[in-house]
Structure formats: structure tokens, C-alpha cells
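Asker: Got a file for you: run-v7.txt, compact mmCIF, C-alpha atoms and all ligand atoms.
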# COMPACT_ATOMS: atom_id res chain seq x y z
CA MET A 1 22.09 -20.32 -13.64
CA SER A 2 23.33 -23.73 -12.57
CA GLY A 3 22.53 -25.66 -9.35
CA ALA A 4 23.03 -22.71 -7.05
CA ARG A 5 20.21 -20.63 -8.45
CA SER A 6 20.70 -17.04 -7.42
CA SER A 7 18.14 -16.12 -4.82
CA GLU A 8 16.88 -12.66 -3.89
CA TYR A 9 14.94 -13.12 -0.76
CA SER A 10 13.23 -10.06 0.63
CA GLN A 11 15.92 -8.43 2.65
CA VAL A 12 14.95 -6.03 5.36
CA SER A 13 16.72 -3.20 7.09
CA THR A 14 18.20 -3.75 10.53
CA GLY A 15 15.73 -3.35 13.31
CA SER A 16 12.60 -3.54 11.15
CA ALA A 17 9.68 -5.68 12.18
CA ALA A 18 10.77 -8.20 9.60
CA ALA A 19 14.45 -8.07 10.48
CA ASP A 20 14.65 -11.83 10.82
CA ALA A 21 13.97 -12.20 7.11
CA ALA A 22 17.70 -12.11 6.40
CA PRO A 23 18.80 -13.18 2.93
CA GLU A 24 19.70 -16.81 2.52
CA ARG A 25 21.32 -18.63 -0.36
CA PRO A 26 20.19 -22.22 -0.57
CA ARG A 27 21.58 -24.53 -3.26
CA ALA A 28 18.20 -25.54 -4.60
CA ALA A 29 14.92 -23.72 -4.94
CA PRO A 30 12.98 -24.01 -1.68
CA ASP A 31 9.71 -25.89 -1.57
CA PRO A 32 6.44 -23.99 -1.73
CA GLN A 33 4.79 -23.59 1.65
CA PRO A 34 1.10 -23.59 2.47
CA ALA A 35 -0.26 -20.11 3.07
CA PRO A 36 -0.62 -19.67 6.82
CA ALA A 37 -4.15 -19.85 8.16
CA LEU A 38 -5.44 -16.57 9.53
CA GLY A 39 -6.69 -18.24 12.69
CA ALA A 40 -7.01 -15.70 15.50
CA LEU A 41 -6.04 -12.90 13.08
CA GLU A 42 -9.17 -13.33 10.97
CA ASP A 43 -11.17 -10.53 12.63
CA THR A 44 -8.20 -8.17 12.41
CA ALA A 45 -7.60 -9.03 8.77
CA ARG A 46 -11.30 -8.50 8.01
CA ARG A 47 -11.15 -5.06 9.63
CA ILE A 48 -8.10 -4.16 7.55
CA PHE A 49 -9.16 -5.61 4.19
CA GLY A 50 -12.97 -5.61 4.49
CA ASP A 51 -14.59 -7.40 1.58
CA ARG A 52 -11.18 -7.59 -0.14
CA LEU A 53 -9.91 -10.15 2.38
CA GLU A 54 -10.27 -13.01 -0.09
CA LEU A 55 -7.93 -11.14 -2.47
CA ALA A 56 -5.44 -10.68 0.35
CA GLN A 57 -5.62 -14.41 1.07
CA ARG A 58 -4.92 -15.18 -2.55
CA TYR A 59 -1.95 -12.81 -2.51
CA THR A 60 -0.62 -14.50 0.62
CA GLU A 61 -0.95 -17.86 -1.14
CA HIS A 62 1.18 -16.50 -4.00
CA LEU A 63 3.80 -15.31 -1.52
CA ALA A 64 3.95 -18.68 0.22
CA SER A 65 4.09 -20.68 -3.00
CA SER A 66 5.72 -19.08 -6.05
CA GLY A 67 7.06 -16.18 -3.96
CA ILE A 68 9.17 -18.62 -1.94
CA VAL A 69 10.06 -20.97 -4.80
CA ARG A 70 11.22 -18.06 -6.96
CA GLY A 71 13.23 -16.45 -4.21
CA LEU A 72 11.20 -13.30 -3.55
CA ILE A 73 10.68 -14.12 0.09
CA GLY A 74 12.50 -16.39 2.50
CA PRO A 75 10.93 -19.75 3.38
CA ARG A 76 11.15 -18.98 7.08
CA GLU A 77 8.72 -16.12 6.52
CA ALA A 78 5.91 -18.47 5.48
CA PRO A 79 4.35 -19.02 8.92
CA ARG A 80 4.36 -15.30 9.71
CA LEU A 81 3.37 -13.81 6.38
CA TRP A 82 0.21 -12.28 7.78
CA GLU A 83 1.42 -10.51 10.90
CA ARG A 84 4.96 -9.63 9.84
CA HIS A 85 4.31 -8.69 6.25
CA VAL A 86 0.80 -8.44 4.83
CA LEU A 87 -1.14 -6.92 7.75
CA ASN A 88 1.86 -4.93 8.91
CA CYS A 89 2.05 -3.26 5.49
CA ALA A 90 -1.69 -2.88 4.92
CA VAL A 91 -2.29 -0.81 8.08
CA VAL A 92 -0.30 2.00 6.45
CA GLN A 93 -3.43 2.68 4.38
CA GLU A 94 -4.74 4.86 7.20
CA LEU A 95 -2.07 7.47 6.35
CA ILE A 96 -3.07 7.75 2.68
CA ALA A 97 -5.79 10.09 1.42
CA PRO A 98 -8.61 8.86 -0.83
CA ASP A 99 -7.76 8.44 -4.53
CA ALA A 100 -4.07 9.16 -3.99
CA ARG A 101 -1.47 8.32 -6.63
CA VAL A 102 1.08 6.13 -4.91
CA VAL A 103 4.50 4.90 -6.02
CA ASP A 104 5.96 1.97 -4.08
CA VAL A 105 9.73 2.00 -4.54
CA GLY A 106 11.60 -1.31 -4.36
CA SER A 107 8.40 -3.29 -4.19
CA GLY A 108 10.06 -6.72 -4.23
CA ALA A 109 7.24 -9.14 -3.51
CA GLY A 110 4.70 -6.29 -3.39
CA LEU A 111 5.38 -5.08 0.14
CA PRO A 112 3.79 -2.70 0.89
CA GLY A 113 2.46 -1.81 -2.60
CA LEU A 114 0.26 -4.82 -3.27
CA CYS A 115 -1.12 -4.89 0.27
CA LEU A 116 -2.21 -1.26 -0.16
CA ALA A 117 -3.63 -1.87 -3.63
CA ILE A 118 -5.72 -4.75 -2.30
CA ALA A 119 -6.96 -2.89 0.78
CA ARG A 120 -7.62 0.34 -1.12
CA PRO A 121 -8.96 -0.01 -4.66
CA ASP A 122 -9.34 3.79 -4.79
CA LEU A 123 -5.54 4.21 -4.87
CA ALA A 124 -3.61 4.21 -8.15
CA ILE A 125 -0.39 2.38 -7.35
CA THR A 126 2.80 2.02 -9.36
CA LEU A 127 5.20 -0.66 -8.19
CA VAL A 128 8.76 0.37 -9.08
CA GLU A 129 11.15 -2.56 -9.08
CA PRO A 130 14.37 -2.97 -11.10
CA LEU A 131 14.87 -6.74 -10.99
CA GLU A 132 13.30 -8.57 -13.92
CA ARG A 133 12.53 -11.75 -12.01
CA ARG A 134 10.62 -9.81 -9.38
CA VAL A 135 8.84 -7.69 -11.99
CA THR A 136 7.65 -10.83 -13.80
CA TRP A 137 6.30 -12.27 -10.55
CA LEU A 138 4.56 -9.00 -9.66
CA GLU A 139 2.94 -8.82 -13.10
CA GLU A 140 1.69 -12.39 -12.80
CA VAL A 141 0.22 -11.77 -9.36
CA VAL A 142 -1.41 -8.49 -10.37
CA ALA A 143 -3.02 -10.23 -13.36
CA ASP A 144 -4.20 -13.18 -11.28
CA LEU A 145 -5.75 -10.92 -8.65
CA GLY A 146 -7.30 -8.66 -11.32
CA LEU A 147 -5.88 -5.52 -9.70
CA ASP A 148 -6.68 -2.82 -12.25
CA ASN A 149 -5.36 -0.09 -9.93
CA VAL A 150 -1.76 -1.34 -10.19
CA THR A 151 0.98 -0.64 -12.73
CA VAL A 152 4.30 -2.46 -12.55
CA LEU A 153 7.29 -0.45 -13.73
CA ARG A 154 10.68 -2.06 -14.19
CA ALA A 155 13.08 0.69 -13.17
CA ARG A 156 15.31 1.95 -10.46
CA ALA A 157 13.70 4.80 -8.54
CA GLU A 158 16.39 7.15 -9.88
CA GLN A 159 15.16 6.47 -13.43
CA ALA A 160 11.43 6.52 -12.74
CA LYS A 161 10.76 10.25 -12.34
CA GLY A 162 9.80 10.83 -15.97
CA GLN A 163 7.63 7.71 -16.09
CA VAL A 164 5.36 8.03 -13.06
CA GLY A 165 3.58 11.35 -13.64
CA GLN A 166 2.45 13.37 -10.62
CA VAL A 167 2.73 11.38 -7.41
CA ASP A 168 1.03 12.09 -4.07
CA VAL A 169 2.70 9.45 -1.91
CA VAL A 170 5.87 7.40 -2.20
CA THR A 171 6.10 4.28 -0.04
CA ALA A 172 9.16 2.13 0.62
CA ARG A 173 10.05 -0.74 2.94
CA ALA A 174 13.47 -2.29 3.43
CA VAL A 175 15.04 -0.58 0.42
CA SER A 176 17.74 1.52 2.05
CA ALA A 177 18.57 3.51 5.16
CA LEU A 178 16.60 6.77 5.22
CA THR A 179 19.56 8.96 4.33
CA GLY A 180 19.94 7.10 1.01
CA LEU A 181 16.23 6.61 0.56
CA VAL A 182 15.50 10.34 0.49
CA ASP A 183 17.91 10.75 -2.43
CA ILE A 184 16.09 8.23 -4.60
CA THR A 185 12.48 8.76 -3.50
CA LEU A 186 11.91 12.47 -2.81
CA PRO A 187 12.65 13.57 -6.41
CA LEU A 188 9.67 11.43 -7.49
CA LEU A 189 7.38 13.81 -5.61
CA LYS A 190 8.42 16.76 -7.82
CA GLY A 191 8.18 19.16 -4.90
CA ARG A 192 4.78 18.10 -3.49
CA GLY A 193 3.61 15.06 -1.56
CA GLU A 194 4.76 12.61 1.09
CA LEU A 195 7.23 9.83 1.66
CA LEU A 196 6.00 7.03 3.92
CA ALA A 197 8.98 4.84 4.77
CA LEU A 198 8.20 1.70 6.77
CA LYS A 199 10.93 1.36 9.35
CA GLY A 200 11.73 -0.49 12.53
CA ARG A 201 13.27 0.49 15.80
CA SER A 202 15.96 2.49 14.01
CA ALA A 203 13.43 5.05 12.73
CA ASP A 204 14.35 7.91 15.08
CA GLU A 205 18.05 7.45 14.53
CA GLU A 206 17.64 7.23 10.76
CA MET A 207 15.55 10.39 10.84
CA LYS A 208 18.25 12.24 12.74
CA LYS A 209 20.93 11.23 10.23
CA ALA A 210 18.80 12.04 7.19
CA SER A 211 17.54 15.37 8.51
CA LYS A 212 20.62 17.19 7.20
CA LYS A 213 19.23 16.64 3.70
CA PHE A 214 15.67 17.76 4.38
CA LYS A 215 16.15 21.43 3.51
CA ARG A 216 17.69 20.55 0.16
CA PHE A 217 14.61 18.52 -0.79
CA GLY A 218 12.10 21.01 0.61
CA VAL A 219 10.87 18.78 3.44
CA ARG A 220 8.37 20.89 5.42
CA ASP A 221 7.41 18.39 8.08
CA SER A 222 8.81 15.13 9.42
CA GLU A 223 7.61 12.65 12.01
CA VAL A 224 7.83 9.06 13.16
CA ILE A 225 4.34 7.55 13.43
CA THR A 226 3.10 4.23 14.78
CA VAL A 227 0.15 2.75 12.89
CA GLY A 228 -2.01 -0.28 13.59
CA ALA A 229 -1.42 -0.28 17.36
CA GLU A 230 -5.09 -1.03 17.99
CA LEU A 231 -5.02 -3.93 15.54
CA LEU A 232 -1.62 -5.59 15.63
CA GLU A 233 0.55 -6.98 18.39
CA GLU A 234 3.54 -5.40 16.68
CA PRO A 235 2.41 -2.15 15.06
CA THR A 236 4.14 -0.56 12.10
CA THR A 237 6.58 2.31 12.43
CA VAL A 238 6.50 4.82 9.60
CA VAL A 239 8.75 7.76 8.86
CA ARG A 240 6.63 10.43 7.22
CA LEU A 241 8.26 13.28 5.33
CA VAL A 242 6.04 15.97 3.85
CA LEU A 243 7.11 18.22 0.96
C1 LIG B 301 15.08 -5.99 0.54
S1 LIG B 301 14.02 -5.84 -0.79
C2 LIG B 301 12.52 -5.28 -0.02
C3 LIG B 301 11.33 -5.61 -0.85
C4 LIG B 301 10.01 -5.21 -0.22
N1 LIG B 301 9.86 -3.76 -0.22
C5 LIG B 301 9.87 -5.77 1.17
O1 LIG B 301 9.70 -5.02 2.12
O2 LIG B 301 9.89 -7.01 1.30
C6 LIG B 301 14.63 -4.35 -1.57
C7 LIG B 301 14.04 -4.16 -2.94
O3 LIG B 301 14.41 -2.87 -3.40
C8 LIG B 301 14.78 -2.98 -4.76
N2 LIG B 301 15.68 -1.85 -5.02
C9 LIG B 301 16.98 -1.70 -4.65
N3 LIG B 301 17.46 -0.53 -5.09
C10 LIG B 301 16.46 0.09 -5.73
C11 LIG B 301 16.34 1.34 -6.42
N4 LIG B 301 17.38 2.19 -6.52
N5 LIG B 301 15.16 1.65 -6.97
C12 LIG B 301 14.09 0.81 -6.86
N6 LIG B 301 14.16 -0.39 -6.24
C13 LIG B 301 15.32 -0.74 -5.68
C14 LIG B 301 15.42 -4.35 -4.86
O4 LIG B 301 15.43 -4.84 -6.18
C15 LIG B 301 14.53 -5.17 -3.95
O5 LIG B 301 13.44 -5.73 -4.62
Would you encode the structure as C-alpha cells?
Answerer:
Amino acid sequence: MSGARSSEYSQVSTGSAAADAAPERPRAAPDPQPAPALGALEDTARRIFGDRLELAQRYTEHLASSGIVRGLIGPREAPRLWERHVLNCAVVQELIAPDARVVDVGSGAGLPGLCLAIARPDLAITLVEPLERRVTWLEEVVADLGLDNVTVLRARAEQAKGQVGQVDVVTARAVSALTGLVDITLPLLKGRGELLALKGRSADEEMKKASKKFKRFGVRDSEVITVGAELLEEPTTVVRLVL
């Protein structure tokens, strides 16, 4: 594409913790940014990632450099990659059972899928992402980090059912409002498992609107959970639907 290279910055749903990451369309590719130093967050990050923290740092460097240059994340996100994105996503690990098979729908720059794969090498994670440019970036990062528990699948969620096998948990962040998200994610569970949708302040309202569809999909239990409150200034809100 000429001059005005099309850019696909990570867009986030209204009211989410990362709501300020609104899409932008600059005329030229933005400059790479230095990965933000952990600083005061180092202890927290060590508690979340343990001895995998160096891998998380390398991932954050990818986000700040090629992730920004190639339009997967907005340049204004660079200074707050840790608290708004990487740590905020990684704390969701506490909701996932050991050795679970996880599908992250609409992974974009690997949020939350890559954060979970780094924090939890026991998980088998498939990143489902339709856009080629994002898939290429994800494959490069997965190879560089040596994450052998990750598969990258170029597909829309609606097409992925036959390709992902049995799934225990589907994750999604900033892909769609819950009422649309249930349509594209719950079929992947084939009648058994959980959706963990990372949401913001709109979680309760989204749950209310989507609840009309729950019976149709066999949702047995639903709740809005806050995770990471003891670790993060701004904890993560998760909608959990159990089939
Ligand atoms: C706003 S981005 C969010 C990316 C990442 N989850 C995050 O939180 O930064 C939405 C992503 O969902 C992907 N997407 C949109 N519709 C999808 C679908 N039907 N199935 C799978 N992915 C989809 C887009 O290509 C994009 O990468």
C-alpha cells in the first residue's frame, strides 16, 4: 500500500482497561519505542511470570518495537505495555486449570494468548487470528521466544471449530461486545468448557444483554470476576461463562 500504510492498531472495547488504545491512522509507520522498564512493577511481574519473566520482557520488547512499527499496537501504548496489557492479561492465568487446552480468539498482538503461554508453559494455546499481517508477526514472536506450547491459526473464530480439537477454555479481549462474542466463541467449546472474556467497566451490562442467548448455548453458570486485585493497581475484569 502506498504512503498511508493501512494500520491495524489493537482496538479495544469501550470501557476496557485499555480503552485509550483507540485506533489511529498515521501516514507513515510509527517509530519503534523502547520497551518500558519494569521499575516498581518488577516484583509484581516476577510474582506473575516467575522464572519466565525474561521471556515476558522479550515479548514486551517485540510489542514496543516491531509490534508498533507494523501496526499491531498503538505507539501511545508503549509506556504502559506492562500494566495495561501484559500483566493485566497474564493475571487471568489464575482462572485456568493445569494443562488446559486454550484457544485465544482474535489474538491480535498476542493479548492475552501470548501472556498466558509465557506465564503457563503447561497450557496448550492456539492463537486464532484472521489477519495475515498479525499472524505473521505472531509466528515470528512465537519462534523467537521458543514457545513450543503455542500454535498460530489463521482463521476467523467462526471457521476454527473443525481445526482446534477439544478446547477447555476460550479467551478473548477486545474482539466484540459479549452478545456477539458468544456467537463466535461458544461453539468452539463443543458443549463443554469455559469462555473467559476480558472486559472493562461494561462487563455487567454486556452480561445482561448477552444472557438471552445463554440457554441456547447451554451456559450453566455465568459471573463477572475481578482478578489480580492483590497485584495490580487496576485489576482485570473477566466475564466467565461455563458450559
Ligand atoms: C481490537 S483487536 C484486539 C486484539 C487483542 N486481543 C488485544 O486485546 O489487543 C481485535 C482482533 O480480533 C480479530 N478478530 C476480529 N473478528 C474476528 C473473528 N471473527 N474471529 C477471530 N478474530 C477476529 C481482529 O483481526 C483483531 O486482531
Asker: Of the candidates A:Ala119, A:Val102, A:Val152, A:Val227, which one gets nearest to Arg134 in chain A if we count all atoms listed in the file?
Answerer: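 Selected residue with least distance to Arg134 in chain A: A:Val152.
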Asker: Using all atoms listed in the file, which of the listed residues (A:Val169, A:Ile73, A:Ala203, A:Val219) sits closest to ligand LIG 301 (chain B)?
Answerer: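 Result for the nearest residue to ligand LIG 301 (chain B): A:Ile73.
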Asker: Just how far from CA of Pro98 in chain A is CA of Asp122 in chain A, in Å to one decimal?
Answerer: 6.5 Å
Asker: What is the distance, in Å and to one decimal place, between CA of Ala40 in chain A and CA of Ala229 in chain A?
Answerer: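 Spanning CA of Ala40 in chain A to CA of Ala229 in chain A is a straight-line distance of 16.5 Å.
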Asker: When distances are computed from only C-alpha atoms, which of A:Pro32, A:Ile184, A:Thr44, A:Glu54 shows the smallest separation from Val69 in chain A?
Answerer: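 Closest candidate: A:Pro32.
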Asker: Using all atoms listed in the file, can you tell me which of A:Ala117, A:Leu189, A:Met207, A:Leu81 comes closest to ligand LIG 301 (chain B)?
Answerer: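 Selected residue with least distance to ligand LIG 301 (chain B): A:Leu81.
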Asker: Would you work out the distance separating CA of Arg216 in chain A from CA of Gly113 in chain A, expressed in Å to one decimal?
Answerer: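 Here the two named atoms are 27.2 Å from each other.
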Asker: Quick one: range 190-204 of chain A with N, CA and C atoms, as a PDB file, in the coordinates of the input?
Answerer:
ATOM      1  N   LYS A 190       8.372  15.519  -7.025  1.00  0.00           N
ATOM      2  CA  LYS A 190       8.420  16.760  -7.820  1.00  0.00           C
ATOM      3  C   LYS A 190       7.972  17.970  -6.986  1.00  0.00           C
ATOM      4  N   GLY A 191       8.424  17.986  -5.739  1.00  0.00           N
ATOM      5  CA  GLY A 191       8.180  19.160  -4.900  1.00  0.00           C
ATOM      6  C   GLY A 191       6.897  19.153  -4.096  1.00  0.00           C
ATOM      7  N   ARG A 192       6.048  18.102  -4.248  1.00  0.00           N
ATOM      8  CA  ARG A 192       4.780  18.100  -3.490  1.00  0.00           C
ATOM      9  C   ARG A 192       4.337  16.669  -3.192  1.00  0.00           C
ATOM     10  N   GLY A 193       4.082  16.396  -1.926  1.00  0.00           N
ATOM     11  CA  GLY A 193       3.610  15.060  -1.560  1.00  0.00           C
ATOM     12  C   GLY A 193       4.325  14.537  -0.332  1.00  0.00           C
ATOM     13  N   GLU A 194       4.229  13.208  -0.139  1.00  0.00           N
ATOM     14  CA  GLU A 194       4.760  12.610   1.090  1.00  0.00           C
ATOM     15  C   GLU A 194       5.533  11.334   0.817  1.00  0.00           C
ATOM     16  N   LEU A 195       6.573  11.143   1.612  1.00  0.00           N
ATOM     17  CA  LEU A 195       7.230   9.830   1.660  1.00  0.00           C
ATOM     18  C   LEU A 195       6.767   9.125   2.926  1.00  0.00           C
ATOM     19  N   LEU A 196       6.323   7.884   2.768  1.00  0.00           N
ATOM     20  CA  LEU A 196       6.000   7.030   3.920  1.00  0.00           C
ATOM     21  C   LEU A 196       6.979   5.865   3.868  1.00  0.00           C
ATOM     22  N   ALA A 197       7.960   5.891   4.752  1.00  0.00           N
ATOM     23  CA  ALA A 197       8.980   4.840   4.770  1.00  0.00           C
ATOM     24  C   ALA A 197       8.729   3.931   5.969  1.00  0.00           C
ATOM     25  N   LEU A 198       8.457   2.654   5.695  1.00  0.00           N
ATOM     26  CA  LEU A 198       8.200   1.700   6.770  1.00  0.00           C
ATOM     27  C   LEU A 198       9.540   1.312   7.387  1.00  0.00           C
ATOM     28  N   LYS A 199       9.647   1.561   8.667  1.00  0.00           N
ATOM     29  CA  LYS A 199      10.930   1.360   9.350  1.00  0.00           C
ATOM     30  C   LYS A 199      10.731   0.575  10.634  1.00  0.00           C
ATOM     31  N   GLY A 200      11.809   0.228  11.258  1.00  0.00           N
ATOM     32  CA  GLY A 200      11.730  -0.490  12.530  1.00  0.00           C
ATOM     33  C   GLY A 200      12.189   0.398  13.664  1.00  0.00           C
ATOM     34  N   ARG A 201      12.855  -0.241  14.594  1.00  0.00           N
ATOM     35  CA  ARG A 201      13.270   0.490  15.800  1.00  0.00           C
ATOM     36  C   ARG A 201      14.285   1.580  15.510  1.00  0.00           C
ATOM     37  N   SER A 202      14.926   1.499  14.339  1.00  0.00           N
ATOM     38  CA  SER A 202      15.960   2.490  14.010  1.00  0.00           C
ATOM     39  C   SER A 202      15.376   3.791  13.470  1.00  0.00           C
ATOM     40  N   ALA A 203      14.064   3.910  13.418  1.00  0.00           N
ATOM     41  CA  ALA A 203      13.430   5.050  12.730  1.00  0.00           C
ATOM     42  C   ALA A 203      13.933   6.407  13.229  1.00  0.00           C
ATOM     43  N   ASP A 204      13.957   6.588  14.558  1.00  0.00           N
ATOM     44  CA  ASP A 204      14.350   7.910  15.080  1.00  0.00           C
ATOM     45  C   ASP A 204      15.784   8.249  14.712  1.00  0.00           C
TER      46      ASP A 204
END
